[in-house]
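Visitor: To start, I am sharing the structure in question, which I have written as structure tokens.
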Amino acid sequence: MKYSLNILFIAVFFSVTQTLRAQDSNTDEYWQTSQGNYEKRRTEFLDYCIKNGDRKDLRGIYTQVARVVAGLKPDESYVQEALNVIKSNHDCNDFVMNGLLRLQYQKTKNAQLSKEMAKKVEERILDFKYWWTDSRRDTTYRCYHTENHQALYHTAELLAGQLYKDRRFSGGLTGREHIHQAERLLQRWLDFRFRFGFSEWMSSYYEVDIVVLLNLYDYAENPMLRQRAKQVLDLLMFDMALSNYHGSLASTSGRMYVSSLLYGHHDMSPTLKLVFGEGQYHPRNIMSNVALASSHYKCPQVILDIATDYSKTMLDRQKMSIEVDDAEKYGLRYDNEEDAQLFWGMQEFIHPKVVRMSKQVSEKYGVYPYRNYDDYIRKYDDQVKQYGKVINSRLDRFALSETNIEIYRTPEYALSCSFDYRKGAQGYQQHIWQATLDNKAIVFTTHPGKKDLKVTPNYWAGNAVMPRAVQYRNVAVCIYNSHGNGGLDLTHAYFPKQAFDEVVEVSSWVFARKGKGYIALRSQLPTSWQADDNGNVNDIVASGRQNIWICEMGSEKEWGSFQSFVKAISQATVKYDHLNVTYTSPTLGQMDFGWDSAFKLKNKEIPLKTDYRYDNPYCQAKFNSKLIEIKKGGKKLLLDFEKGIETEK
């Protein structure tokens with residue numbers, strides 16, 4: 001089984017209970033529209049962070065970077081705390097090491113530590129285990145393998161090697177040898193991100209990726225590496241700009257936490273507020289903002305303009321990550337150890353084409369995302385014996401393989417969906433679709449794993465079993481088909497009544513209005529409302545594991561009155577045939593979709609995959625491209641990854 005320590009830590013680090021959120025009084029004002037300029041917001045954030053920043057082990061070192069940037073001396077008690085975390089060798093001490101190294105690279109007078117503390121920091125940097133090739137075996141669980149952790153370790157190794165080029169580290173390599181190893185691995189990681197995007201798409205881990213990319217952009221001595229890091233960071237900012245809806249990421253996500261769903265504060269809102277001027281700071285989400293506030297990086301103006309332009313409707317379709325079965329067409333091999341790192345970064349540890357290499361890597365270096373590889377090898381071999389081929393390769397619930405997503409953003413609402421994503425497979429933290437009318441008025445459905453919010457999949461974040469979902473502009477359809485293989489015996493919708501201005505129910509539909517935005521939601525099975533422990537009515541529950549949910553969105557501009565929207569949709573034809581549905585949308589016409597059938601609009605089949613990395617009004621770039629151009633109005637950004645050239649006009 002996969003180590004439970006990683007799951008436990010993630011739950012503690014990124015996800016908090018509703019009680020903690022309710023008690024936290026250190027959040028600042030939520031900005032629904034862009035305010036101020038970047039330098040003003042940067043100064044305000046540093047002040048906010050110094051006064052309110054989270055002082056827990058993993059983030060405390062970042063508050064000290066903020067102090068230094070603001071012209072204050074670091075509090076060495078928090079530096080010592082960071083050293084204790086790093087020395088513990090527990091999972092995620094790479095988060096702390098990247099913060100400590102950022103502090104080390106601050107060269108101002110006020111950044112200087114006492115001689116005693118400086119010596120301790122040096123010892124800890126020289127002693128750190130930077131990658132699994134280090135012959136020292138771990139005595140505690142450390143996660144090397146996910147997309148963000150790989151980059152954290154490689155970046156820390158590079159920056160440490162640059163600091164002590166001629167010193168020999170405890171692992172046996174000199175600083176220069178560490179630089180050589182880190183640069184090779186980082187070039188590959190950056191290449192994959194530019195060509196394939198992030199497997200942890202639109203997630204809280206963008207906060208970590210921003211730290212990594214800024215540490216490279218600000219401090220890497222290799223100019224090509226530095227420039228490529230900036231280009232990948234620009235694309236990450238572009239991802240967020242396309243998904244930004246008044247300070248929240250209004251999108252499907254590869255890894256979602258309750259903290260981004262239920263409390264009106266997405267984990268990336270602090271970054272959206274600093275960079276785009278919309279969102280809200282929070283003491284638990286400071287890492288990326290501290291890195292930004294201490295960096296000379298500036299988000300390109302064309303991306304800033306896209307992020308906050310709600311004057312017209314935008315349709316974006318994107319492909320991110322890859323299917324393991326397609327790896328060879330991208331020049332990757334299943335028997336190559338370093339290519340296996342890409343698959344591990346996608347958390348595809350036990351795919352039939354990867355599992356044997358995963359076992360080899362685990363046994364060679366003593367790193368074990370799984371220990372029972374032989375069990376899965378036998379399962380695949382049994383499938384081949386019985387059917388002549390592997391018929392089910394999707395046994396890894398953590399996997400973050402290819403996703404094809406749509407984001408439809410209007411002035412009044414946003415709708416986003418991951419198309420036909422690993423249907424029927426066990427799930428983890430994947431967030432399949434979401435409707436957004438503001439930071440609190442959001443709607444989505446799940447097949448919950450457990451009631452406990454501290455594990456995933458839980459009652460709200462992730463799915464025990466993946467649905468099959470599609471979207472066409474303002475309409476989404478999500479089909480659930482679980483046969484008792486995990487999870488609760490229900491599907492349900494998060495629909496917070498108190499967040500809307502009006503809520504009415506007509507003919508099996510639930511309708512709501514927020515401002516000038518409208519939403520309609522329907523379940524195939526009968527539903528009932530439930531309240532949470534605080535008495536908030538926010539849960540529409542449908543008993544049973546097989547169900548179809550339909551969502552249509554609209555606006556005052558499109559419909560005039562809310563009553564007209566309600567009347568038209570409540571009278572629309574909806575026909576079910578087990579796990580197939582025909583819905584005649586008043587805006588789009590007849591839509592047909594099923595668990596095993598094609599998605600059709602007006603009897604024309606709609607493809608569920610795209611060949612584009614980006615396909616929107618601002619950028620049309622083929623997937624796997626190394627040349628991407630972003631345009632809006634008279635502004636243009638050209639990113640040439642191969643040459644390491646960036647042109648902004």
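By convention in this document, the chains of the structure tokens carry letters A, B, ... by their order, each chain's residues are numbered from 1, and ligands are numbered from 1 in the order they are shown.
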Write out as a VMD selection string which residues come within 12 Å of Glu44 (chain A) when counting only C-alpha atoms, dropping same-chain ones fewer than 3 positions away.
Guide: chain A and resid 28 to 29 36 to 41 47 to 52 66 70 270 273 to 274 277 280 to 281 289 to 290 293
Visitor: Neighbouring residues of region 307-313 of chain A were defined as those with any atom within 12 Å, considering only C-alpha atoms; residues of the same chain fewer than 3 positions away were excluded. Please report them as a ChimeraX atom specification.
Guide: /A:31-35,237-250,272-273,275-279,299-304,316,407-415,473-474,554-555,557-558,616-618,632-633
Visitor: Quick one: of A:His483, A:Lys107, A:Leu185, A:Leu233, who's nearest to Glu337 (chain A), counting only C-alpha atoms?
Guide: A:Leu185
Visitor: Restricting the calculation to only C-alpha atoms: of A:Pro283, A:Pro352, A:Pro448, A:Gly424, which residue gets closest to Phe45 (chain A)?
Guide: A:Pro283
Visitor: When you draw a straight line from CA of Lys115 (chain A) to CA of Arg59 (chain A), how long is it in Å?
Guide: 23.5 Å
